[in-house]
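So this one's structure11.cif, mmCIF, N, CA, C and O atoms:
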data_start
#
loop_
_atom_site.label_atom_id
_atom_site.label_comp_id
_atom_site.auth_asym_id
_atom_site.auth_seq_id
_atom_site.Cartn_x
_atom_site.Cartn_y
_atom_site.Cartn_z
N MET A 15 16.07 1.93 14.53
CA MET A 15 15.95 0.51 14.83
C MET A 15 15.82 -0.27 13.51
O MET A 15 14.95 0.02 12.72
N GLN A 16 16.66 -1.21 13.31
CA GLN A 16 16.66 -2.04 12.11
C GLN A 16 15.80 -3.28 12.34
O GLN A 16 16.03 -4.01 13.29
N LEU A 17 14.84 -3.51 11.47
CA LEU A 17 13.99 -4.70 11.56
C LEU A 17 14.36 -5.69 10.47
O LEU A 17 14.63 -5.29 9.34
N SER A 18 14.33 -6.96 10.81
CA SER A 18 14.53 -7.97 9.77
C SER A 18 13.25 -8.03 8.92
O SER A 18 12.17 -7.64 9.36
N ASP A 19 13.39 -8.51 7.70
CA ASP A 19 12.26 -8.54 6.77
C ASP A 19 11.06 -9.30 7.31
O ASP A 19 9.92 -8.93 7.05
N ASP A 20 11.31 -10.37 8.07
CA ASP A 20 10.20 -11.18 8.56
C ASP A 20 9.43 -10.49 9.69
O ASP A 20 8.37 -10.96 10.08
N LYS A 21 9.92 -9.36 10.17
CA LYS A 21 9.23 -8.61 11.23
C LYS A 21 8.55 -7.35 10.69
O LYS A 21 7.80 -6.70 11.40
N LYS A 22 8.83 -7.01 9.44
CA LYS A 22 8.26 -5.80 8.86
C LYS A 22 6.81 -6.02 8.45
O LYS A 22 6.40 -7.13 8.08
N LEU A 23 6.07 -4.94 8.51
CA LEU A 23 4.68 -4.95 8.08
C LEU A 23 4.65 -4.85 6.56
O LEU A 23 5.26 -3.95 5.97
N HIS A 24 3.96 -5.76 5.94
CA HIS A 24 3.81 -5.75 4.49
C HIS A 24 2.39 -5.29 4.17
O HIS A 24 1.42 -5.86 4.68
N LEU A 25 2.29 -4.26 3.35
CA LEU A 25 1.00 -3.76 2.93
C LEU A 25 0.82 -4.05 1.45
O LEU A 25 1.54 -3.52 0.61
N LEU A 26 -0.11 -4.93 1.16
CA LEU A 26 -0.51 -5.20 -0.22
C LEU A 26 -1.66 -4.24 -0.51
O LEU A 26 -2.70 -4.31 0.14
N TYR A 27 -1.43 -3.34 -1.42
CA TYR A 27 -2.43 -2.32 -1.76
C TYR A 27 -2.94 -2.61 -3.16
O TYR A 27 -2.20 -2.53 -4.13
N ARG A 28 -4.21 -2.95 -3.25
CA ARG A 28 -4.84 -3.24 -4.54
C ARG A 28 -5.45 -1.94 -5.06
O ARG A 28 -6.36 -1.39 -4.46
N VAL A 29 -4.93 -1.48 -6.19
CA VAL A 29 -5.32 -0.19 -6.76
C VAL A 29 -6.43 -0.40 -7.78
O VAL A 29 -6.30 -1.22 -8.69
N GLU A 30 -7.49 0.38 -7.64
CA GLU A 30 -8.62 0.33 -8.56
C GLU A 30 -8.22 0.92 -9.92
O GLU A 30 -7.69 2.04 -9.97
N PRO A 31 -8.46 0.22 -11.02
CA PRO A 31 -8.14 0.78 -12.33
C PRO A 31 -8.86 2.11 -12.59
O PRO A 31 -8.30 3.00 -13.23
N GLY A 32 -10.06 2.26 -12.06
CA GLY A 32 -10.85 3.47 -12.30
C GLY A 32 -10.20 4.74 -11.77
O GLY A 32 -10.52 5.83 -12.24
N CYS A 33 -9.28 4.62 -10.82
CA CYS A 33 -8.63 5.82 -10.28
C CYS A 33 -7.67 6.44 -11.31
O CYS A 33 -7.20 7.55 -11.11
N LEU A 34 -7.42 5.72 -12.39
CA LEU A 34 -6.55 6.23 -13.45
C LEU A 34 -7.34 6.78 -14.63
O LEU A 34 -6.78 7.04 -15.68
N GLY A 35 -8.64 6.92 -14.46
CA GLY A 35 -9.48 7.48 -15.51
C GLY A 35 -10.10 6.40 -16.39
O GLY A 35 -10.02 5.20 -16.09
N PRO A 36 -10.70 6.83 -17.49
CA PRO A 36 -11.44 5.89 -18.36
C PRO A 36 -10.57 4.82 -19.00
O PRO A 36 -11.07 3.75 -19.35
N ASN A 37 -9.28 5.05 -19.14
CA ASN A 37 -8.37 4.06 -19.73
C ASN A 37 -7.60 3.30 -18.65
O ASN A 37 -6.61 2.64 -18.94
N GLY A 38 -8.07 3.37 -17.42
CA GLY A 38 -7.37 2.77 -16.29
C GLY A 38 -7.07 1.30 -16.44
O GLY A 38 -6.00 0.84 -16.04
N VAL A 39 -8.00 0.56 -17.01
CA VAL A 39 -7.81 -0.89 -17.15
C VAL A 39 -6.59 -1.19 -18.02
O VAL A 39 -5.84 -2.12 -17.75
N GLN A 40 -6.35 -0.35 -19.04
CA GLN A 40 -5.23 -0.57 -19.94
C GLN A 40 -3.88 -0.19 -19.32
O GLN A 40 -2.85 -0.72 -19.71
N ILE A 41 -3.89 0.71 -18.33
CA ILE A 41 -2.61 1.21 -17.81
C ILE A 41 -2.36 0.88 -16.34
O ILE A 41 -1.30 1.22 -15.81
N ILE A 42 -3.29 0.18 -15.69
CA ILE A 42 -3.16 -0.07 -14.25
C ILE A 42 -1.91 -0.88 -13.91
O ILE A 42 -1.24 -0.61 -12.92
N GLU A 43 -1.58 -1.87 -14.71
CA GLU A 43 -0.40 -2.68 -14.40
C GLU A 43 0.89 -1.86 -14.51
O GLU A 43 1.77 -1.97 -13.66
N ALA A 44 0.98 -1.02 -15.52
CA ALA A 44 2.15 -0.15 -15.66
C ALA A 44 2.20 0.84 -14.49
O ALA A 44 3.29 1.13 -13.97
N PHE A 45 1.04 1.33 -14.08
CA PHE A 45 1.04 2.26 -12.94
C PHE A 45 1.52 1.56 -11.67
O PHE A 45 2.30 2.13 -10.90
N CYS A 46 1.06 0.35 -11.43
CA CYS A 46 1.48 -0.37 -10.22
C CYS A 46 2.98 -0.58 -10.21
O CYS A 46 3.63 -0.43 -9.16
N GLU A 47 3.57 -0.91 -11.35
CA GLU A 47 5.02 -1.04 -11.43
C GLU A 47 5.69 0.29 -11.08
O GLU A 47 6.67 0.34 -10.34
N TYR A 48 5.14 1.37 -11.62
CA TYR A 48 5.65 2.71 -11.36
C TYR A 48 5.55 3.03 -9.86
O TYR A 48 6.51 3.48 -9.25
N ALA A 49 4.39 2.78 -9.26
CA ALA A 49 4.18 3.06 -7.83
C ALA A 49 5.13 2.24 -6.96
O ALA A 49 5.67 2.74 -5.97
N ASN A 50 5.35 0.98 -7.33
CA ASN A 50 6.27 0.13 -6.56
C ASN A 50 7.68 0.69 -6.57
O ASN A 50 8.44 0.50 -5.61
N GLN A 51 8.05 1.38 -7.63
CA GLN A 51 9.39 1.96 -7.73
C GLN A 51 9.47 3.34 -7.09
O GLN A 51 10.51 3.72 -6.56
N GLN A 52 8.37 4.10 -7.14
CA GLN A 52 8.41 5.50 -6.74
C GLN A 52 8.06 5.76 -5.27
O GLN A 52 8.57 6.71 -4.69
N LEU A 53 7.18 4.96 -4.70
CA LEU A 53 6.72 5.23 -3.34
C LEU A 53 7.56 4.45 -2.33
O LEU A 53 7.67 3.23 -2.41
N SER A 54 8.14 5.18 -1.41
CA SER A 54 8.96 4.51 -0.40
C SER A 54 8.18 4.44 0.91
O SER A 54 7.49 5.38 1.30
N ALA A 55 8.31 3.33 1.57
CA ALA A 55 7.60 3.05 2.81
C ALA A 55 8.48 3.40 4.00
O ALA A 55 9.71 3.46 3.89
N PRO A 56 7.85 3.62 5.16
CA PRO A 56 8.64 3.80 6.38
C PRO A 56 9.53 2.57 6.62
O PRO A 56 9.28 1.49 6.09
N SER A 57 10.54 2.72 7.45
CA SER A 57 11.55 1.67 7.64
C SER A 57 10.98 0.36 8.18
O SER A 57 11.58 -0.69 8.00
N PHE A 58 9.83 0.39 8.81
CA PHE A 58 9.24 -0.82 9.40
C PHE A 58 8.19 -1.45 8.49
O PHE A 58 7.49 -2.37 8.88
N THR A 59 8.09 -0.96 7.25
CA THR A 59 7.00 -1.37 6.35
C THR A 59 7.52 -1.60 4.94
O THR A 59 8.48 -0.99 4.50
N TYR A 60 6.83 -2.48 4.22
CA TYR A 60 6.99 -2.64 2.77
C TYR A 60 5.65 -2.38 2.12
O TYR A 60 4.61 -2.80 2.65
N TYR A 61 5.67 -1.71 0.98
CA TYR A 61 4.46 -1.53 0.17
C TYR A 61 4.58 -2.41 -1.06
O TYR A 61 5.66 -2.55 -1.62
N HIS A 62 3.46 -2.93 -1.50
CA HIS A 62 3.39 -3.58 -2.80
C HIS A 62 2.05 -3.21 -3.41
O HIS A 62 1.00 -3.48 -2.84
N PHE A 63 2.11 -2.58 -4.59
CA PHE A 63 0.92 -2.15 -5.29
C PHE A 63 0.62 -3.13 -6.42
O PHE A 63 1.52 -3.52 -7.16
N THR A 64 -0.66 -3.48 -6.53
CA THR A 64 -1.09 -4.42 -7.55
C THR A 64 -2.48 -4.00 -8.02
O THR A 64 -3.22 -3.36 -7.26
N PRO A 65 -2.88 -4.35 -9.24
CA PRO A 65 -4.22 -3.99 -9.70
C PRO A 65 -5.31 -4.71 -8.89
O PRO A 65 -5.12 -5.84 -8.46
N ARG A 66 -6.41 -4.03 -8.71
CA ARG A 66 -7.55 -4.65 -8.02
C ARG A 66 -8.61 -4.98 -9.07
O ARG A 66 -9.54 -4.21 -9.31
N PHE A 67 -8.48 -6.15 -9.65
CA PHE A 67 -9.45 -6.61 -10.63
C PHE A 67 -10.59 -7.37 -9.96
O PHE A 67 -11.69 -7.46 -10.50
N ASP A 68 -10.34 -7.93 -8.81
CA ASP A 68 -11.33 -8.72 -8.07
C ASP A 68 -11.85 -7.88 -6.91
O ASP A 68 -11.18 -7.72 -5.89
N LYS A 69 -13.06 -7.35 -7.05
CA LYS A 69 -13.63 -6.48 -6.02
C LYS A 69 -13.95 -7.21 -4.72
O LYS A 69 -14.21 -6.57 -3.71
N SER A 70 -13.93 -8.52 -4.75
CA SER A 70 -14.21 -9.26 -3.51
C SER A 70 -13.00 -9.24 -2.57
O SER A 70 -13.13 -9.55 -1.38
N LYS A 71 -11.84 -8.86 -3.09
CA LYS A 71 -10.64 -8.78 -2.26
C LYS A 71 -10.51 -7.37 -1.68
O LYS A 71 -10.85 -6.38 -2.33
N ALA A 72 -10.01 -7.31 -0.46
CA ALA A 72 -9.86 -6.02 0.22
C ALA A 72 -8.88 -5.12 -0.52
O ALA A 72 -7.94 -5.61 -1.16
N GLU A 73 -9.09 -3.82 -0.41
CA GLU A 73 -8.20 -2.87 -1.05
C GLU A 73 -6.81 -2.92 -0.40
O GLU A 73 -5.80 -2.86 -1.08
N ARG A 74 -6.79 -3.04 0.92
CA ARG A 74 -5.53 -3.11 1.65
C ARG A 74 -5.47 -4.41 2.44
O ARG A 74 -6.44 -4.79 3.08
N GLN A 75 -4.31 -5.04 2.41
CA GLN A 75 -4.11 -6.27 3.17
C GLN A 75 -2.77 -6.17 3.89
O GLN A 75 -1.73 -6.02 3.26
N TYR A 76 -2.83 -6.23 5.21
CA TYR A 76 -1.62 -6.16 6.03
C TYR A 76 -1.19 -7.56 6.43
O TYR A 76 -2.03 -8.39 6.77
N SER A 77 0.13 -7.77 6.44
CA SER A 77 0.65 -9.05 6.89
C SER A 77 2.05 -8.84 7.48
O SER A 77 2.72 -7.85 7.21
N VAL A 78 2.44 -9.80 8.30
CA VAL A 78 3.79 -9.86 8.84
C VAL A 78 4.25 -11.30 8.68
O VAL A 78 3.55 -12.23 9.09
N ASN A 79 5.40 -11.48 8.04
CA ASN A 79 5.94 -12.82 7.81
C ASN A 79 4.92 -13.74 7.15
O ASN A 79 4.71 -14.88 7.56
N SER A 80 4.24 -13.22 6.14
CA SER A 80 3.24 -13.93 5.34
C SER A 80 1.96 -14.28 6.11
O SER A 80 1.11 -15.00 5.59
N LYS A 81 1.81 -13.78 7.33
CA LYS A 81 0.58 -14.02 8.10
C LYS A 81 -0.29 -12.77 8.00
O LYS A 81 0.12 -11.68 8.41
N ILE A 82 -1.50 -12.94 7.46
CA ILE A 82 -2.42 -11.82 7.29
C ILE A 82 -2.89 -11.35 8.67
O ILE A 82 -3.25 -12.16 9.52
N LEU A 83 -2.88 -10.02 8.84
CA LEU A 83 -3.29 -9.43 10.11
C LEU A 83 -4.73 -8.96 10.06
O LEU A 83 -5.19 -8.45 9.03
N SER A 84 -5.42 -9.07 11.18
CA SER A 84 -6.75 -8.49 11.30
C SER A 84 -6.59 -6.98 11.42
O SER A 84 -5.48 -6.47 11.65
N GLU A 85 -7.69 -6.25 11.29
CA GLU A 85 -7.65 -4.80 11.47
C GLU A 85 -7.07 -4.45 12.84
O GLU A 85 -6.23 -3.55 12.95
N GLN A 86 -7.51 -5.15 13.85
CA GLN A 86 -7.06 -4.89 15.21
C GLN A 86 -5.55 -5.09 15.34
O GLN A 86 -4.86 -4.28 15.95
N HIS A 87 -5.04 -6.16 14.75
CA HIS A 87 -3.60 -6.41 14.83
C HIS A 87 -2.81 -5.39 14.01
O HIS A 87 -1.69 -5.02 14.40
N ALA A 88 -3.36 -4.94 12.89
CA ALA A 88 -2.69 -3.91 12.10
C ALA A 88 -2.61 -2.61 12.90
O ALA A 88 -1.57 -1.94 12.91
N TYR A 89 -3.71 -2.25 13.57
CA TYR A 89 -3.69 -1.06 14.43
C TYR A 89 -2.61 -1.20 15.51
O TYR A 89 -1.84 -0.27 15.76
N ALA A 90 -2.55 -2.37 16.14
CA ALA A 90 -1.59 -2.60 17.23
C ALA A 90 -0.16 -2.55 16.71
O ALA A 90 0.72 -1.97 17.36
N TYR A 91 0.10 -3.15 15.56
CA TYR A 91 1.45 -3.14 14.99
C TYR A 91 1.89 -1.71 14.74
O TYR A 91 2.98 -1.30 15.13
N LEU A 92 1.04 -0.94 14.08
CA LEU A 92 1.40 0.44 13.78
C LEU A 92 1.54 1.28 15.04
O LEU A 92 2.42 2.14 15.12
N ALA A 93 0.70 1.03 16.03
CA ALA A 93 0.79 1.76 17.30
C ALA A 93 2.14 1.51 17.97
O ALA A 93 2.70 2.41 18.61
N HIS A 94 2.68 0.31 17.80
CA HIS A 94 4.00 -0.01 18.35
C HIS A 94 5.07 0.95 17.82
O HIS A 94 6.05 1.24 18.48
N PHE A 95 4.86 1.46 16.60
CA PHE A 95 5.78 2.40 15.98
C PHE A 95 5.25 3.83 16.05
O PHE A 95 5.61 4.69 15.23
N ASN A 96 4.38 4.07 17.03
CA ASN A 96 3.81 5.40 17.26
C ASN A 96 3.14 5.97 16.01
O ASN A 96 3.28 7.14 15.68
N THR A 97 2.45 5.08 15.31
CA THR A 97 1.77 5.46 14.07
C THR A 97 0.30 5.07 14.17
O THR A 97 -0.03 3.94 14.50
N ASN A 98 -0.55 6.04 13.87
CA ASN A 98 -1.99 5.78 13.84
C ASN A 98 -2.35 5.21 12.48
O ASN A 98 -1.98 5.79 11.45
N LYS A 99 -3.06 4.10 12.46
CA LYS A 99 -3.38 3.41 11.20
C LYS A 99 -4.16 4.31 10.25
O LYS A 99 -3.88 4.36 9.06
N ASP A 100 -5.14 5.04 10.77
CA ASP A 100 -5.94 5.91 9.91
C ASP A 100 -5.09 7.01 9.28
O ASP A 100 -5.21 7.28 8.08
N GLU A 101 -4.22 7.60 10.06
CA GLU A 101 -3.33 8.64 9.54
C GLU A 101 -2.32 8.05 8.56
O GLU A 101 -1.99 8.66 7.54
N PHE A 102 -1.82 6.85 8.86
CA PHE A 102 -0.89 6.13 7.99
C PHE A 102 -1.52 5.91 6.61
O PHE A 102 -0.92 6.19 5.58
N GLU A 103 -2.77 5.44 6.61
CA GLU A 103 -3.47 5.17 5.35
C GLU A 103 -3.80 6.45 4.61
O GLU A 103 -3.71 6.51 3.39
N GLU A 104 -4.16 7.50 5.35
CA GLU A 104 -4.47 8.78 4.73
C GLU A 104 -3.24 9.35 4.03
O GLU A 104 -3.31 9.82 2.89
N LEU A 105 -2.10 9.29 4.69
CA LEU A 105 -0.85 9.77 4.10
C LEU A 105 -0.49 8.95 2.85
O LEU A 105 -0.11 9.51 1.82
N LEU A 106 -0.65 7.64 2.95
CA LEU A 106 -0.35 6.79 1.80
C LEU A 106 -1.29 7.10 0.64
O LEU A 106 -0.87 7.17 -0.52
N ASP A 107 -2.57 7.32 0.92
CA ASP A 107 -3.52 7.67 -0.13
C ASP A 107 -3.12 8.98 -0.82
O ASP A 107 -3.23 9.11 -2.04
N GLU A 108 -2.63 9.94 -0.04
CA GLU A 108 -2.16 11.21 -0.62
C GLU A 108 -0.94 10.96 -1.51
O GLU A 108 -0.85 11.52 -2.61
N GLN A 109 -0.01 10.13 -1.05
CA GLN A 109 1.17 9.81 -1.86
C GLN A 109 0.77 9.09 -3.14
O GLN A 109 1.33 9.34 -4.21
N LEU A 110 -0.20 8.20 -3.02
CA LEU A 110 -0.68 7.46 -4.19
C LEU A 110 -1.33 8.41 -5.20
O LEU A 110 -1.11 8.29 -6.41
N THR A 111 -2.10 9.36 -4.71
CA THR A 111 -2.73 10.35 -5.58
C THR A 111 -1.67 11.17 -6.32
O THR A 111 -1.78 11.40 -7.53
N GLN A 112 -0.62 11.57 -5.62
CA GLN A 112 0.48 12.31 -6.26
C GLN A 112 1.19 11.43 -7.29
O GLN A 112 1.55 11.91 -8.37
N ALA A 113 1.35 10.15 -6.99
CA ALA A 113 1.99 9.22 -7.94
C ALA A 113 1.12 9.06 -9.18
O ALA A 113 1.64 8.99 -10.29
N ILE A 114 -0.19 9.01 -9.00
CA ILE A 114 -1.11 8.89 -10.15
C ILE A 114 -0.97 10.14 -11.03
O ILE A 114 -0.84 10.03 -12.25
N ASP A 115 -0.96 11.31 -10.40
CA ASP A 115 -0.82 12.55 -11.18
C ASP A 115 0.51 12.56 -11.93
O ASP A 115 0.54 12.89 -13.13
N SER A 116 1.58 12.19 -11.27
CA SER A 116 2.91 12.16 -11.93
C SER A 116 2.93 11.14 -13.07
O SER A 116 3.48 11.41 -14.15
N PHE A 117 2.34 9.98 -12.85
CA PHE A 117 2.31 8.93 -13.85
C PHE A 117 1.53 9.38 -15.09
O PHE A 117 1.98 9.16 -16.22
N LEU A 118 0.39 10.01 -14.87
CA LEU A 118 -0.45 10.43 -16.00
C LEU A 118 0.15 11.61 -16.76
O LEU A 118 -0.15 11.79 -17.95
N GLU A 119 1.01 12.38 -16.11
CA GLU A 119 1.63 13.54 -16.77
C GLU A 119 2.85 13.15 -17.59
O GLU A 119 3.31 13.97 -18.40
N ARG A 120 3.40 11.94 -17.43
CA ARG A 120 4.62 11.61 -18.15
C ARG A 120 4.37 11.31 -19.60
O ARG A 120 3.36 11.14 -20.11
#
Rendering of file as structure tokens:
Amino acid sequence: MQLSDDKKLHLLYRVEPGCLGPNGVQIIEAFCEYANQQLSAPSFTYYHFTPRFDKSKAERQYSVNSKILSEQHAYAYLAHFNTNKDEFEELLDEQLTQAIDSFLER
């Protein structure tokens, strides 16, 4: 099923610099660019990785057509595609961890 861009789930993922080690602050922006190029999302989703410098902002922010979704609506959207939100996030976290390892090894 092909979805138009305005119907796709957009996940803004704010990555903590500390997950890249003691020099994370210096390399977080380069890592986010790398992650945006390397990690592919399911066909109904877009990922965008950005540094999380402001701890008051959520780590993950879901939206559709620029409208921010509540947790409940994010669960419902993903359920529509037979995807459990917790499992979706767990898989993404694993992919992000692998991307961090690959990035740091280059």
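The gap separating atom CA of Glu73 of chain A from atom CA of Val29 of chain A is 6.9 Å, in Å to one decimal.
Our summary of the geometry notes that atom C of Phe95 of chain A is positioned 29.7 Å from atom C of Asp115 of chain A.
For the pair atom CA of Ala90 of chain A and atom CA of Gln112 of chain A, the separation is 27.9 Å.
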For a quick check of understanding, using all atoms listed in the file, which of A:Ser57, A:Ser70, A:Asn50, A:Gln75 has the smallest distance to Tyr27 of chain A?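 That would be A:Gln75, the residue with the smallest distance to Tyr27 of chain A.
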As AutoDock Vina command-line options, please report the centre and edge lengths, rounded to one decimal in Å, of the axis-aligned box that holds all listed atoms of segment 28-41 of chain A with 8 Å of padding on each of the six sides.
--center_x -6.4 --center_y 2.2 --center_z -11.6 --size_x 26.1 --size_y 26.8 --size_z 32.7
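The closest residue to Ile82 of chain A, picked from A:Pro56, A:Glu43, A:Asp19, A:Leu25 and counting only C-alpha atoms, is A:Leu25.
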Run DSSP on the backbone of this structure and report the residues of segment 56-114 of chain A it assigns to helix (DSSP H, G or I), as a PyMOL selection string. chain A and resi 85-94+99-114
Between A:Ile41, A:Ala93, A:Cys33, A:Leu23, which has the minimum distance to Thr59 of chain A (counting all atoms listed in the file)?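 Ranking A:Ile41, A:Ala93, A:Cys33, A:Leu23 by distance to Thr59 of chain A, first place goes to A:Leu23.
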Got a sec: who's within 12 Å of Gln40 of chain A, counting only C-alpha atoms, leaving out chain neighbours fewer than 5 positions off, as a count of residues only? 9
Filtered DSSP result for chain A, state strand (DSSP E), as a PyMOL selection string: chain A and resi 23-29+59-65+74-78+81-82
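Taking only N, CA, C and O atoms into account, Lys22 of chain A lies nearest to A:Tyr60 out of the set A:Phe117, A:Tyr48, A:Phe102, A:Tyr60.
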Output file request: segment 81-93 of chain A, with N, CA and C atoms, as a PDB file, in the first residue's frame.
ATOM      1  N   LYS A  81       1.132  17.498  12.372  1.00  0.00           N
ATOM      2  CA  LYS A  81       0.338  17.530  13.603  1.00  0.00           C
ATOM      3  C   LYS A  81       0.936  16.529  14.586  1.00  0.00           C
ATOM      4  N   ILE A  82       1.368  17.024  15.744  1.00  0.00           N
ATOM      5  CA  ILE A  82       1.976  16.168  16.755  1.00  0.00           C
ATOM      6  C   ILE A  82       0.913  15.241  17.338  1.00  0.00           C
ATOM      7  N   LEU A  83       1.292  13.957  17.459  1.00  0.00           N
ATOM      8  CA  LEU A  83       0.375  12.960  17.976  1.00  0.00           C
ATOM      9  C   LEU A  83       0.619  12.699  19.459  1.00  0.00           C
ATOM     10  N   SER A  84      -0.447  12.422  20.185  1.00  0.00           N
ATOM     11  CA  SER A  84      -0.324  11.982  21.566  1.00  0.00           C
ATOM     12  C   SER A  84       0.183  10.544  21.553  1.00  0.00           C
ATOM     13  N   GLU A  85       0.599  10.049  22.710  1.00  0.00           N
ATOM     14  CA  GLU A  85       1.026   8.651  22.813  1.00  0.00           C
ATOM     15  C   GLU A  85      -0.085   7.722  22.332  1.00  0.00           C
ATOM     16  N   GLN A  86      -1.292   8.002  22.753  1.00  0.00           N
ATOM     17  CA  GLN A  86      -2.437   7.166  22.396  1.00  0.00           C
ATOM     18  C   GLN A  86      -2.646   7.138  20.882  1.00  0.00           C
ATOM     19  N   HIS A  87      -2.542   8.293  20.240  1.00  0.00           N
ATOM     20  CA  HIS A  87      -2.720   8.347  18.795  1.00  0.00           C
ATOM     21  C   HIS A  87      -1.562   7.662  18.062  1.00  0.00           C
ATOM     22  N   ALA A  88      -0.352   7.765  18.602  1.00  0.00           N
ATOM     23  CA  ALA A  88       0.785   7.070  17.995  1.00  0.00           C
ATOM     24  C   ALA A  88       0.584   5.556  18.074  1.00  0.00           C
ATOM     25  N   TYR A  89       0.118   5.077  19.230  1.00  0.00           N
ATOM     26  CA  TYR A  89      -0.190   3.647  19.366  1.00  0.00           C
ATOM     27  C   TYR A  89      -1.237   3.229  18.327  1.00  0.00           C
ATOM     28  N   ALA A  90      -2.289   4.029  18.190  1.00  0.00           N
ATOM     29  CA  ALA A  90      -3.382   3.701  17.266  1.00  0.00           C
ATOM     30  C   ALA A  90      -2.889   3.711  15.818  1.00  0.00           C
ATOM     31  N   TYR A  91      -2.080   4.698  15.453  1.00  0.00           N
ATOM     32  CA  TYR A  91      -1.566   4.775  14.089  1.00  0.00           C
ATOM     33  C   TYR A  91      -0.758   3.525  13.770  1.00  0.00           C
ATOM     34  N   LEU A  92       0.159   3.177  14.653  1.00  0.00           N
ATOM     35  CA  LEU A  92       0.998   2.010  14.416  1.00  0.00           C
ATOM     36  C   LEU A  92       0.181   0.722  14.416  1.00  0.00           C
ATOM     37  N   ALA A  93      -0.824   0.645  15.269  1.00  0.00           N
ATOM     38  CA  ALA A  93      -1.687  -0.543  15.306  1.00  0.00           C
ATOM     39  C   ALA A  93      -2.403  -0.729  13.974  1.00  0.00           C
TER      40      ALA A  93
END
